[in-house]
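Shown here: work31.cif, mmCIF, C-alpha atoms.
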```cif
data_work
loop_
_atom_site.group_PDB
_atom_site.id
_atom_site.type_symbol
_atom_site.label_atom_id
_atom_site.label_comp_id
_atom_site.auth_asym_id
_atom_site.auth_seq_id
_atom_site.Cartn_x
_atom_site.Cartn_y
_atom_site.Cartn_z
ATOM 1 C CA ASP A 253 -3.712 15.942 12.915
ATOM 2 C CA ALA A 254 -2.966 13.419 15.662
ATOM 3 C CA ARG A 255 -1.027 10.362 14.639
ATOM 4 C CA VAL A 256 1.007 7.506 16.035
ATOM 5 C CA THR A 257 4.696 8.120 15.543
ATOM 6 C CA GLN A 258 7.211 5.312 15.200
ATOM 7 C CA THR A 259 10.970 5.405 15.020
ATOM 8 C CA PRO A 260 13.048 4.298 13.264
ATOM 9 C CA ARG A 261 11.225 3.926 9.953
ATOM 10 C CA ASP A 262 13.914 1.624 8.628
ATOM 11 C CA LYS A 263 16.618 -0.267 10.461
ATOM 12 C CA VAL A 264 19.255 -2.603 9.071
ATOM 13 C CA THR A 265 21.362 -4.389 11.619
ATOM 14 C CA GLU A 266 23.512 -7.432 12.022
ATOM 15 C CA MET A 267 22.532 -10.576 13.805
ATOM 16 C CA GLY A 268 23.200 -10.374 17.509
ATOM 17 C CA GLN A 269 22.762 -6.628 17.786
ATOM 18 C CA GLU A 270 20.225 -4.970 20.056
ATOM 19 C CA VAL A 271 17.330 -3.207 18.364
ATOM 20 C CA THR A 272 14.969 -0.753 20.039
ATOM 21 C CA MET A 273 11.847 0.528 18.359
ATOM 22 C CA ARG A 274 9.916 3.425 19.792
ATOM 23 C CA CYS A 275 6.331 4.526 19.538
ATOM 24 C CA GLN A 276 4.558 7.684 20.573
ATOM 25 C CA PRO A 277 0.831 6.916 20.829
ATOM 26 C CA ILE A 278 -1.856 9.482 20.214
ATOM 27 C CA LEU A 279 -2.316 11.696 23.247
ATOM 28 C CA GLY A 280 -5.242 10.505 25.328
ATOM 29 C CA HIS A 281 -5.267 6.964 24.002
ATOM 30 C CA ASN A 282 -5.194 4.363 26.756
ATOM 31 C CA THR A 283 -4.295 1.236 24.796
ATOM 32 C CA VAL A 284 -1.117 0.552 22.836
ATOM 33 C CA PHE A 285 -0.366 -2.458 20.664
ATOM 34 C CA TRP A 286 2.706 -3.888 18.987
ATOM 35 C CA TYR A 287 2.056 -5.934 15.853
ATOM 36 C CA ARG A 288 4.530 -7.640 13.551
ATOM 37 C CA GLN A 289 3.864 -8.145 9.852
ATOM 38 C CA THR A 290 5.597 -10.722 7.685
ATOM 39 C CA MET A 291 4.676 -12.331 4.400
ATOM 40 C CA MET A 292 4.551 -15.753 5.992
ATOM 41 C CA GLN A 293 2.615 -14.995 9.166
ATOM 42 C CA GLY A 294 0.671 -11.888 8.275
ATOM 43 C CA LEU A 295 -0.134 -9.528 11.161
ATOM 44 C CA GLU A 296 0.702 -10.979 14.551
ATOM 45 C CA LEU A 297 0.044 -9.387 17.912
ATOM 46 C CA LEU A 298 3.184 -9.235 20.004
ATOM 47 C CA ALA A 299 2.026 -7.327 23.076
ATOM 48 C CA TYR A 300 -0.385 -4.710 24.288
ATOM 49 C CA PHE A 301 -0.844 -2.311 27.150
ATOM 50 C CA ARG A 302 -3.802 -0.601 28.731
ATOM 51 C CA ASN A 303 -3.140 2.427 30.880
ATOM 52 C CA ARG A 304 0.536 1.459 30.604
ATOM 53 C CA ALA A 305 -0.020 -1.947 32.212
ATOM 54 C CA PRO A 306 0.878 -4.978 30.090
ATOM 55 C CA LEU A 307 -2.240 -6.997 29.278
ATOM 56 C CA ASP A 308 -0.908 -9.644 26.980
ATOM 57 C CA ASP A 309 2.563 -10.379 25.694
ATOM 58 C CA SER A 310 2.020 -14.014 24.832
ATOM 59 C CA GLY A 311 2.855 -13.350 21.188
ATOM 60 C CA MET A 312 6.390 -12.298 22.002
ATOM 61 C CA PRO A 313 9.415 -14.583 22.191
ATOM 62 C CA LYS A 314 10.229 -13.864 25.808
ATOM 63 C CA ASP A 315 13.865 -14.782 25.646
ATOM 64 C CA ARG A 316 14.747 -11.970 23.268
ATOM 65 C CA PHE A 317 11.842 -9.539 23.076
ATOM 66 C CA SER A 318 10.688 -7.076 25.671
ATOM 67 C CA ALA A 319 8.015 -4.387 25.551
ATOM 68 C CA GLU A 320 7.570 -1.519 27.974
ATOM 69 C CA MET A 321 5.708 1.717 28.461
ATOM 70 C CA PRO A 322 7.913 3.903 30.631
ATOM 71 C CA ASP A 323 5.329 6.663 30.399
ATOM 72 C CA ALA A 324 2.063 7.427 28.630
ATOM 73 C CA THR A 325 3.821 9.050 25.692
ATOM 74 C CA LEU A 326 6.307 6.293 24.919
ATOM 75 C CA ALA A 327 6.154 2.589 24.181
ATOM 76 C CA THR A 328 9.270 0.599 23.369
ATOM 77 C CA LEU A 329 9.919 -2.776 21.798
ATOM 78 C CA LYS A 330 13.388 -4.188 22.262
ATOM 79 C CA ILE A 331 14.999 -7.191 20.627
ATOM 80 C CA GLN A 332 18.214 -8.511 22.127
ATOM 81 C CA PRO A 333 19.899 -10.309 20.473
ATOM 82 C CA SER A 334 18.306 -9.856 17.067
ATOM 83 C CA GLU A 335 18.114 -12.718 14.567
ATOM 84 C CA PRO A 336 17.433 -12.808 10.809
ATOM 85 C CA ARG A 337 13.967 -14.289 11.453
ATOM 86 C CA ASP A 338 13.051 -11.081 13.274
ATOM 87 C CA SER A 339 13.127 -9.242 9.944
ATOM 88 C CA ALA A 340 9.647 -7.775 9.562
ATOM 89 C CA VAL A 341 7.631 -4.594 9.728
ATOM 90 C CA TYR A 342 6.720 -3.720 13.292
ATOM 91 C CA PHE A 343 3.602 -1.654 13.802
ATOM 92 C CA CYS A 344 2.565 0.269 16.834
ATOM 93 C CA ALA A 345 -1.108 1.128 17.176
ATOM 94 C CA SER A 346 -3.042 3.048 19.776
ATOM 95 C CA GLY A 347 -6.682 3.489 20.624
ATOM 96 C CA LEU A 348 -9.061 4.856 23.227
ATOM 97 C CA VAL A 349 -10.803 1.770 24.500
ATOM 98 C CA THR A 350 -13.507 2.353 27.047
ATOM 99 C CA GLY A 351 -15.967 -0.442 26.444
ATOM 100 C CA GLY A 352 -18.755 2.079 26.505
ATOM 101 C CA ALA A 353 -21.640 2.213 24.063
ATOM 102 C CA GLY A 354 -20.457 3.506 20.729
ATOM 103 C CA ASN A 355 -16.796 2.926 21.503
ATOM 104 C CA THR A 356 -15.539 1.054 18.496
ATOM 105 C CA GLY A 357 -12.098 0.363 19.827
ATOM 106 C CA GLU A 358 -10.699 1.619 16.533
ATOM 107 C CA LEU A 359 -6.953 1.431 16.404
ATOM 108 C CA PHE A 360 -4.743 4.030 14.774
ATOM 109 C CA PHE A 361 -1.581 2.635 13.322
ATOM 110 C CA GLY A 362 1.843 4.155 12.960
ATOM 111 C CA GLU A 363 3.695 3.919 9.667
ATOM 112 C CA GLY A 364 5.684 0.952 10.880
ATOM 113 C CA SER A 365 9.345 0.215 11.482
ATOM 114 C CA ARG A 366 10.912 -1.987 8.838
ATOM 115 C CA LEU A 367 13.598 -4.140 10.432
ATOM 116 C CA THR A 368 16.157 -6.101 8.458
ATOM 117 C CA VAL A 369 18.523 -8.352 10.364
ATOM 118 C CA LEU A 370 21.448 -9.610 8.299
ATOM 119 C CA ALA B 361 -10.065 -19.476 19.001
ATOM 120 C CA GLN B 362 -11.078 -16.383 17.157
ATOM 121 C CA LYS B 363 -10.564 -16.481 13.448
ATOM 122 C CA ILE B 364 -10.849 -14.221 10.437
ATOM 123 C CA THR B 365 -10.798 -15.739 6.971
ATOM 124 C CA GLN B 366 -10.202 -13.890 3.745
ATOM 125 C CA THR B 367 -10.373 -16.418 0.936
ATOM 126 C CA GLN B 368 -9.335 -14.136 -1.913
ATOM 127 C CA PRO B 369 -5.566 -13.602 -2.026
ATOM 128 C CA GLY B 370 -6.004 -11.278 -4.992
ATOM 129 C CA MET B 371 -8.819 -9.464 -6.757
ATOM 130 C CA PHE B 372 -8.913 -7.423 -9.941
ATOM 131 C CA VAL B 373 -11.467 -4.788 -10.861
ATOM 132 C CA GLN B 374 -11.786 -2.247 -13.595
ATOM 133 C CA GLU B 375 -11.884 1.392 -12.691
ATOM 134 C CA LYS B 376 -15.388 2.713 -11.878
ATOM 135 C CA GLU B 377 -16.736 -0.789 -11.235
ATOM 136 C CA ALA B 378 -17.797 -2.093 -7.832
ATOM 137 C CA VAL B 379 -15.911 -4.879 -6.083
ATOM 138 C CA THR B 380 -16.649 -7.079 -3.080
ATOM 139 C CA LEU B 381 -13.922 -8.363 -0.802
ATOM 140 C CA ASP B 382 -14.937 -11.360 1.245
ATOM 141 C CA CYS B 383 -14.458 -11.868 4.966
ATOM 142 C CA THR B 384 -15.839 -14.502 7.287
ATOM 143 C CA TYR B 385 -15.282 -14.669 11.003
ATOM 144 C CA ASP B 386 -15.652 -17.132 13.800
ATOM 145 C CA THR B 387 -16.230 -16.301 17.427
ATOM 146 C CA SER B 388 -18.417 -17.391 20.287
ATOM 147 C CA ASP B 389 -18.296 -13.960 21.882
ATOM 148 C CA PRO B 390 -21.729 -12.298 21.450
ATOM 149 C CA SER B 391 -20.190 -8.832 21.399
ATOM 150 C CA TYR B 392 -17.672 -8.051 18.709
ATOM 151 C CA GLY B 393 -16.686 -5.500 16.134
ATOM 152 C CA LEU B 394 -15.570 -5.922 12.568
ATOM 153 C CA PHE B 395 -13.108 -3.630 10.850
ATOM 154 C CA TRP B 396 -11.601 -3.163 7.451
ATOM 155 C CA TYR B 397 -8.184 -1.632 6.983
ATOM 156 C CA LYS B 398 -6.409 -0.630 3.785
ATOM 157 C CA GLN B 399 -2.657 -0.980 3.387
ATOM 158 C CA PRO B 400 -1.269 0.729 0.280
ATOM 159 C CA SER B 401 2.194 -0.043 -1.013
ATOM 160 C CA SER B 402 3.606 2.673 1.218
ATOM 161 C CA GLY B 403 2.847 0.405 4.154
ATOM 162 C CA GLU B 404 0.618 2.363 6.497
ATOM 163 C CA MET B 405 -2.606 0.846 7.830
ATOM 164 C CA ILE B 406 -5.636 3.000 7.125
ATOM 165 C CA PHE B 407 -8.942 2.440 8.895
ATOM 166 C CA LEU B 408 -11.867 2.250 6.480
ATOM 167 C CA ILE B 409 -15.031 1.096 8.179
ATOM 168 C CA TYR B 410 -16.455 -0.496 11.318
ATOM 169 C CA GLN B 411 -19.486 -2.681 12.089
ATOM 170 C CA GLY B 412 -20.615 -3.612 15.570
ATOM 171 C CA SER B 413 -22.234 -6.968 16.191
ATOM 172 C CA TYR B 414 -25.374 -5.316 17.546
ATOM 173 C CA ASP B 415 -25.675 -2.754 14.794
ATOM 174 C CA GLN B 416 -28.905 -3.206 12.908
ATOM 175 C CA GLN B 417 -27.846 -1.456 9.740
ATOM 176 C CA ASN B 418 -24.875 -2.083 7.498
ATOM 177 C CA ALA B 419 -22.111 0.448 7.948
ATOM 178 C CA THR B 420 -21.266 2.846 5.137
ATOM 179 C CA GLU B 421 -18.435 5.330 4.735
ATOM 180 C CA GLY B 422 -18.410 7.132 1.426
ATOM 181 C CA ARG B 423 -17.648 4.567 -1.288
ATOM 182 C CA TYR B 424 -17.159 1.815 1.287
ATOM 183 C CA SER B 425 -19.950 -0.286 2.682
ATOM 184 C CA LEU B 426 -19.882 -3.360 4.841
ATOM 185 C CA ASN B 427 -22.269 -6.149 3.940
ATOM 186 C CA PHE B 428 -22.847 -7.653 7.372
ATOM 187 C CA GLN B 429 -24.621 -11.014 7.448
ATOM 188 C CA LYS B 430 -24.573 -12.085 11.057
ATOM 189 C CA ALA B 431 -26.124 -15.512 10.591
ATOM 190 C CA ARG B 432 -23.523 -16.353 7.965
ATOM 191 C CA LYS B 433 -20.761 -14.690 9.999
ATOM 192 C CA SER B 434 -19.651 -12.684 7.042
ATOM 193 C CA ALA B 435 -18.557 -9.053 6.796
ATOM 194 C CA ASN B 436 -17.777 -8.338 3.181
ATOM 195 C CA LEU B 437 -16.402 -4.995 2.093
ATOM 196 C CA VAL B 438 -17.995 -3.412 -0.951
ATOM 197 C CA ILE B 439 -16.110 -0.669 -2.751
ATOM 198 C CA SER B 440 -18.231 1.212 -5.239
ATOM 199 C CA ALA B 441 -16.882 3.140 -8.226
ATOM 200 C CA SER B 442 -13.339 1.810 -7.861
ATOM 201 C CA GLN B 443 -10.460 4.179 -8.385
ATOM 202 C CA LEU B 444 -6.853 3.500 -9.297
ATOM 203 C CA GLY B 445 -5.884 4.674 -5.822
ATOM 204 C CA ASP B 446 -7.888 1.845 -4.296
ATOM 205 C CA SER B 447 -5.184 -0.611 -5.352
ATOM 206 C CA ALA B 448 -3.857 -1.917 -2.047
ATOM 207 C CA MET B 449 -3.968 -4.770 0.418
ATOM 208 C CA TYR B 450 -7.202 -4.930 2.393
ATOM 209 C CA PHE B 451 -7.429 -6.515 5.814
ATOM 210 C CA CYS B 452 -10.519 -7.640 7.649
ATOM 211 C CA ALA B 453 -10.184 -7.632 11.425
ATOM 212 C CA MET B 454 -12.269 -8.413 14.486
ATOM 213 C CA SER B 455 -12.277 -7.197 18.043
ATOM 214 C CA LEU B 456 -14.115 -8.919 20.860
ATOM 215 C CA GLY B 457 -16.094 -7.459 23.694
ATOM 216 C CA SER B 458 -14.061 -9.540 26.103
ATOM 217 C CA THR B 459 -10.718 -8.178 24.858
ATOM 218 C CA LEU B 460 -11.849 -4.844 23.516
ATOM 219 C CA GLY B 461 -9.268 -3.133 21.364
ATOM 220 C CA ARG B 462 -7.257 -6.178 20.409
ATOM 221 C CA LEU B 463 -7.671 -6.887 16.692
ATOM 222 C CA TYR B 464 -7.543 -10.313 15.085
ATOM 223 C CA PHE B 465 -6.551 -9.946 11.446
ATOM 224 C CA GLY B 466 -7.193 -11.952 8.311
ATOM 225 C CA ARG B 467 -4.411 -12.621 5.811
ATOM 226 C CA GLY B 468 -5.573 -9.878 3.500
ATOM 227 C CA THR B 469 -6.725 -9.466 -0.096
ATOM 228 C CA GLN B 470 -4.588 -7.674 -2.656
ATOM 229 C CA LEU B 471 -6.864 -5.513 -4.796
ATOM 230 C CA THR B 472 -5.685 -4.251 -8.152
ATOM 231 C CA VAL B 473 -7.724 -1.644 -9.995
ATOM 232 C CA TRP B 474 -6.959 -1.378 -13.700
ATOM 233 C CA PRO B 475 -7.877 1.444 -16.074
#
```

Would you put the structure from the file into structure tokens?
Amino acid sequence: DARVTQTPRDKVTEMGQEVTMRCQPILGHNTVFWYRQTMMQGLELLAYFRNRAPLDDSGMPKDRFSAEMPDATLATLKIQPSEPRDSAVYFCASGLVTGGAGNTGELFFGEGSRLTVL
Amino acid sequence: AQKITQTQPGMFVQEKEAVTLDCTYDTSDPSYGLFWYKQPSSGEMIFLIYQGSYDQQNATEGRYSLNFQKARKSANLVISASQLGDSAMYFCAMSLGSTLGRLYFGRGTQLTVWP
């Protein structure tokens, strides 16, 4: 049963520390997304990649966030330095997006990484 | 700007009854897709149902159906025969043909099913 895998599931850290979240997309999927979920803002898109190339990272605070896909099996989201306002659940999602007829562009989500910055 | 609106922060339904969760959308893109996701208290996002803008018939998946009214730009989710396990947050989302794959989410509706 293919699934998106995220680590860590839970992370508590202190303000100023570096945080790295990792995501293993479903094998064969060509598009990977990072979303952030908070009570105040709901689900926000941070960044996404197609065929490992960044397509849009306008949702990310550039001064402290960075997203990369070093290879097709790994996507990373790094926060340095972390701040209390970064506390949220971070979701990775992947999908096979072809644009062809019948391609729904359905995204499969990981279980999320819950980040708490004290 | 693309927009998804879910006007019901919370809904309550008795077990075995049907419930409709509202969703309206706004886009000028002629090609788009509409999705519903379920998020139980455990936190994962579960895909429920999809409707394409050119689909002629309303989508159905088991107890879930999508009431798609294109002229009104609405894509309501209907859950028939509610079960206690349906209690969760439900998100409506939209993807566009121009940015296929990227989902724009509504704020969600918290559904509570009571015995």

**OP:** Evaluate the PyMOL selection byres ((chain A) within 7 of (chain B)) on the structure here and hand back the selected residues as a list in words.
**Re:**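 For this structure, the PyMOL selection byres ((chain A) within 7 of (chain B)) captures Gly294, Leu295, Val349, Gly351, Gly357, Glu358, Phe361, Gly362, Glu363 and Gly364 of chain A.
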
Original post:
Which residues fall under the PyMOL selection byres ((chain A and resi 279) around 10) in this file, as a PyMOL selection string?
Top reply: chain A and resi 254-256+276-278+280-282+324-325+346-348

Subject >> Close residues, segment 426-436 of chain B itself excluded, 8 Å, all atoms listed in the file, min 5 positions apart in chain, as a PyMOL selection string >> reply: chain B and resi 380-386+394+409-411+413+418-420

Subject >> Point-to-point distance in Å for atom CA of Pro260 of chain A and atom CA of Cys275 of chain A >> reply: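 Pair atom CA of Cys275 of chain A / atom CA of Pro260 of chain A returns 9.2 Å.
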
Subject >> Hits from the PyMOL selection byres ((chain A and resi 315) around 10), listed as a count of residues only >> reply: 9

Subject >> Interatomic distance, atom CA of Glu296 of chain A to atom CA of Pro336 of chain A (Å, one decimal) >> reply: 17.2 Å

Subject >> Point-to-point distance from atom CA of Glu375 of chain B to atom CA of Thr290 of chain A, Å rounded to tenths >> reply: 29.5 Å

Emit as AutoDock Vina command-line options the padded axis-aligned box for all listed atoms of segment 422-430 of chain B, 5 Å per side, with centre and edge lengths in Å to one decimal.
```
--center_x -20.9 --center_y -2.5 --center_z 4.9 --size_x 17.5 --size_y 29.2 --size_z 22.3
```

Subject >> Contacts of Val369 of chain A at 10 Å (all atoms listed in the file; same-chain gap of 2+ positions) as a list in words >> reply: Lys263, Val264, Thr265, Glu266, Met267, Gly268, Gln269, Val271, Ser334, Glu335, Pro336, Arg337, Asp338, Ser339, Ala340 and Leu367 of chain A

Neighbouring residues of Val438 of chain B were defined as those with any atom within 6 Å, considering only C-alpha atoms; residues of the same chain fewer than 6 positions away were excluded. Please report them as a PDB file with C-alpha atoms, keeping the file's coordinate frame.
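Here's the written file out29.pdb:
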```
ATOM      1  CA  VAL B 379     -15.911  -4.879  -6.083  1.00  0.00           C
ATOM      2  CA  THR B 380     -16.649  -7.079  -3.080  1.00  0.00           C
ATOM      3  CA  TYR B 424     -17.159   1.815   1.287  1.00  0.00           C
ATOM      4  CA  SER B 425     -19.950  -0.286   2.682  1.00  0.00           C
TER       5      SER B 425
END
```

Subject >> Ala448 of chain B environment, 8 Å, only C-alpha atoms, sequence neighbours closer than 6 positions dropped, as a PyMOL selection string >> reply: chain B and resi 398-401+470-472

Could I get segment 271-306 of chain A rebuilt with N, CA and C atoms, written as a PDB file, keeping the file's coordinate frame?
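Saved file part-v3.pdb follows:
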```pdb
ATOM      1  N   VAL A 271      18.180  -4.115  19.132  1.00  0.00           N
ATOM      2  CA  VAL A 271      17.330  -3.207  18.364  1.00  0.00           C
ATOM      3  C   VAL A 271      16.248  -2.665  19.296  1.00  0.00           C
ATOM      4  N   THR A 272      16.059  -1.369  19.267  1.00  0.00           N
ATOM      5  CA  THR A 272      14.969  -0.753  20.039  1.00  0.00           C
ATOM      6  C   THR A 272      14.099   0.062  19.103  1.00  0.00           C
ATOM      7  N   MET A 273      12.828  -0.230  19.134  1.00  0.00           N
ATOM      8  CA  MET A 273      11.847   0.528  18.359  1.00  0.00           C
ATOM      9  C   MET A 273      10.982   1.321  19.324  1.00  0.00           C
ATOM     10  N   ARG A 274      10.666   2.521  18.917  1.00  0.00           N
ATOM     11  CA  ARG A 274       9.916   3.425  19.792  1.00  0.00           C
ATOM     12  C   ARG A 274       8.611   3.855  19.149  1.00  0.00           C
ATOM     13  N   CYS A 275       7.665   4.145  20.005  1.00  0.00           N
ATOM     14  CA  CYS A 275       6.331   4.526  19.538  1.00  0.00           C
ATOM     15  C   CYS A 275       5.773   5.609  20.450  1.00  0.00           C
ATOM     16  N   GLN A 276       5.271   6.656  19.828  1.00  0.00           N
ATOM     17  CA  GLN A 276       4.558   7.684  20.573  1.00  0.00           C
ATOM     18  C   GLN A 276       3.079   7.555  20.219  1.00  0.00           C
ATOM     19  N   PRO A 277       2.259   7.078  21.149  1.00  0.00           N
ATOM     20  CA  PRO A 277       0.831   6.916  20.829  1.00  0.00           C
ATOM     21  C   PRO A 277       0.139   8.271  20.762  1.00  0.00           C
ATOM     22  N   ILE A 278      -1.065   8.257  20.273  1.00  0.00           N
ATOM     23  CA  ILE A 278      -1.856   9.482  20.214  1.00  0.00           C
ATOM     24  C   ILE A 278      -2.222   9.905  21.632  1.00  0.00           C
ATOM     25  N   LEU A 279      -2.048  11.175  21.915  1.00  0.00           N
ATOM     26  CA  LEU A 279      -2.316  11.696  23.247  1.00  0.00           C
ATOM     27  C   LEU A 279      -3.761  11.401  23.662  1.00  0.00           C
ATOM     28  N   GLY A 280      -3.898  10.822  24.838  1.00  0.00           N
ATOM     29  CA  GLY A 280      -5.242  10.505  25.328  1.00  0.00           C
ATOM     30  C   GLY A 280      -5.654   9.068  25.095  1.00  0.00           C
ATOM     31  N   HIS A 281      -4.955   8.378  24.227  1.00  0.00           N
ATOM     32  CA  HIS A 281      -5.267   6.964  24.002  1.00  0.00           C
ATOM     33  C   HIS A 281      -4.753   6.140  25.178  1.00  0.00           C
ATOM     34  N   ASN A 282      -5.549   5.135  25.573  1.00  0.00           N
ATOM     35  CA  ASN A 282      -5.194   4.363  26.756  1.00  0.00           C
ATOM     36  C   ASN A 282      -4.676   2.959  26.439  1.00  0.00           C
ATOM     37  N   THR A 283      -4.696   2.592  25.164  1.00  0.00           N
ATOM     38  CA  THR A 283      -4.295   1.236  24.796  1.00  0.00           C
ATOM     39  C   THR A 283      -3.280   1.296  23.665  1.00  0.00           C
ATOM     40  N   VAL A 284      -2.196   0.559  23.825  1.00  0.00           N
ATOM     41  CA  VAL A 284      -1.117   0.552  22.836  1.00  0.00           C
ATOM     42  C   VAL A 284      -0.789  -0.885  22.485  1.00  0.00           C
ATOM     43  N   PHE A 285      -0.635  -1.132  21.179  1.00  0.00           N
ATOM     44  CA  PHE A 285      -0.366  -2.458  20.664  1.00  0.00           C
ATOM     45  C   PHE A 285       0.928  -2.468  19.866  1.00  0.00           C
ATOM     46  N   TRP A 286       1.605  -3.605  19.900  1.00  0.00           N
ATOM     47  CA  TRP A 286       2.706  -3.888  18.987  1.00  0.00           C
ATOM     48  C   TRP A 286       2.310  -5.086  18.123  1.00  0.00           C
ATOM     49  N   TYR A 287       2.305  -4.875  16.816  1.00  0.00           N
ATOM     50  CA  TYR A 287       2.056  -5.934  15.853  1.00  0.00           C
ATOM     51  C   TYR A 287       3.294  -6.113  14.982  1.00  0.00           C
ATOM     52  N   ARG A 288       3.453  -7.341  14.493  1.00  0.00           N
ATOM     53  CA  ARG A 288       4.530  -7.640  13.551  1.00  0.00           C
ATOM     54  C   ARG A 288       3.903  -8.172  12.271  1.00  0.00           C
ATOM     55  N   GLN A 289       4.404  -7.699  11.137  1.00  0.00           N
ATOM     56  CA  GLN A 289       3.864  -8.145   9.852  1.00  0.00           C
ATOM     57  C   GLN A 289       4.956  -8.785   9.023  1.00  0.00           C
ATOM     58  N   THR A 290       4.715 -10.022   8.608  1.00  0.00           N
ATOM     59  CA  THR A 290       5.597 -10.722   7.685  1.00  0.00           C
ATOM     60  C   THR A 290       4.754 -11.351   6.593  1.00  0.00           C
ATOM     61  N   MET A 291       5.402 -11.690   5.489  1.00  0.00           N
ATOM     62  CA  MET A 291       4.676 -12.331   4.400  1.00  0.00           C
ATOM     63  C   MET A 291       4.147 -13.685   4.844  1.00  0.00           C
ATOM     64  N   MET A 292       4.930 -14.387   5.616  1.00  0.00           N
ATOM     65  CA  MET A 292       4.551 -15.753   5.992  1.00  0.00           C
ATOM     66  C   MET A 292       3.443 -15.782   7.035  1.00  0.00           C
ATOM     67  N   GLN A 293       3.532 -14.927   8.027  1.00  0.00           N
ATOM     68  CA  GLN A 293       2.615 -14.995   9.166  1.00  0.00           C
ATOM     69  C   GLN A 293       1.532 -13.934   9.158  1.00  0.00           C
ATOM     70  N   GLY A 294       1.658 -12.971   8.269  1.00  0.00           N
ATOM     71  CA  GLY A 294       0.671 -11.888   8.275  1.00  0.00           C
ATOM     72  C   GLY A 294       0.888 -10.979   9.469  1.00  0.00           C
ATOM     73  N   LEU A 295      -0.199 -10.448  10.022  1.00  0.00           N
ATOM     74  CA  LEU A 295      -0.134  -9.528  11.161  1.00  0.00           C
ATOM     75  C   LEU A 295      -0.302 -10.320  12.453  1.00  0.00           C
ATOM     76  N   GLU A 296       0.726 -10.261  13.281  1.00  0.00           N
ATOM     77  CA  GLU A 296       0.702 -10.979  14.551  1.00  0.00           C
ATOM     78  C   GLU A 296       0.774  -9.980  15.701  1.00  0.00           C
ATOM     79  N   LEU A 297      -0.030 -10.213  16.717  1.00  0.00           N
ATOM     80  CA  LEU A 297       0.044  -9.387  17.912  1.00  0.00           C
ATOM     81  C   LEU A 297       1.204  -9.858  18.775  1.00  0.00           C
ATOM     82  N   LEU A 298       2.061  -8.905  19.126  1.00  0.00           N
ATOM     83  CA  LEU A 298       3.184  -9.235  20.004  1.00  0.00           C
ATOM     84  C   LEU A 298       2.846  -8.943  21.464  1.00  0.00           C
ATOM     85  N   ALA A 299       2.314  -7.743  21.702  1.00  0.00           N
ATOM     86  CA  ALA A 299       2.026  -7.327  23.076  1.00  0.00           C
ATOM     87  C   ALA A 299       1.087  -6.139  23.049  1.00  0.00           C
ATOM     88  N   TYR A 300       0.366  -5.940  24.175  1.00  0.00           N
ATOM     89  CA  TYR A 300      -0.385  -4.710  24.288  1.00  0.00           C
ATOM     90  C   TYR A 300      -0.551  -4.271  25.728  1.00  0.00           C
ATOM     91  N   PHE A 301      -0.775  -2.981  25.862  1.00  0.00           N
ATOM     92  CA  PHE A 301      -0.844  -2.311  27.150  1.00  0.00           C
ATOM     93  C   PHE A 301      -2.145  -1.534  27.249  1.00  0.00           C
ATOM     94  N   ARG A 302      -2.671  -1.500  28.444  1.00  0.00           N
ATOM     95  CA  ARG A 302      -3.802  -0.601  28.731  1.00  0.00           C
ATOM     96  C   ARG A 302      -3.430   0.207  29.950  1.00  0.00           C
ATOM     97  N   ASN A 303      -3.553   1.535  29.795  1.00  0.00           N
ATOM     98  CA  ASN A 303      -3.140   2.427  30.880  1.00  0.00           C
ATOM     99  C   ASN A 303      -1.737   2.073  31.371  1.00  0.00           C
ATOM    100  N   ARG A 304      -0.882   1.753  30.414  1.00  0.00           N
ATOM    101  CA  ARG A 304       0.536   1.459  30.604  1.00  0.00           C
ATOM    102  C   ARG A 304       0.803   0.093  31.222  1.00  0.00           C
ATOM    103  N   ALA A 305      -0.231  -0.619  31.629  1.00  0.00           N
ATOM    104  CA  ALA A 305      -0.020  -1.947  32.212  1.00  0.00           C
ATOM    105  C   ALA A 305      -0.062  -3.004  31.111  1.00  0.00           C
ATOM    106  N   PRO A 306       0.900  -3.921  31.113  1.00  0.00           N
ATOM    107  CA  PRO A 306       0.878  -4.978  30.090  1.00  0.00           C
ATOM    108  C   PRO A 306      -0.312  -5.899  30.292  1.00  0.00           C
TER     109      PRO A 306
END
```
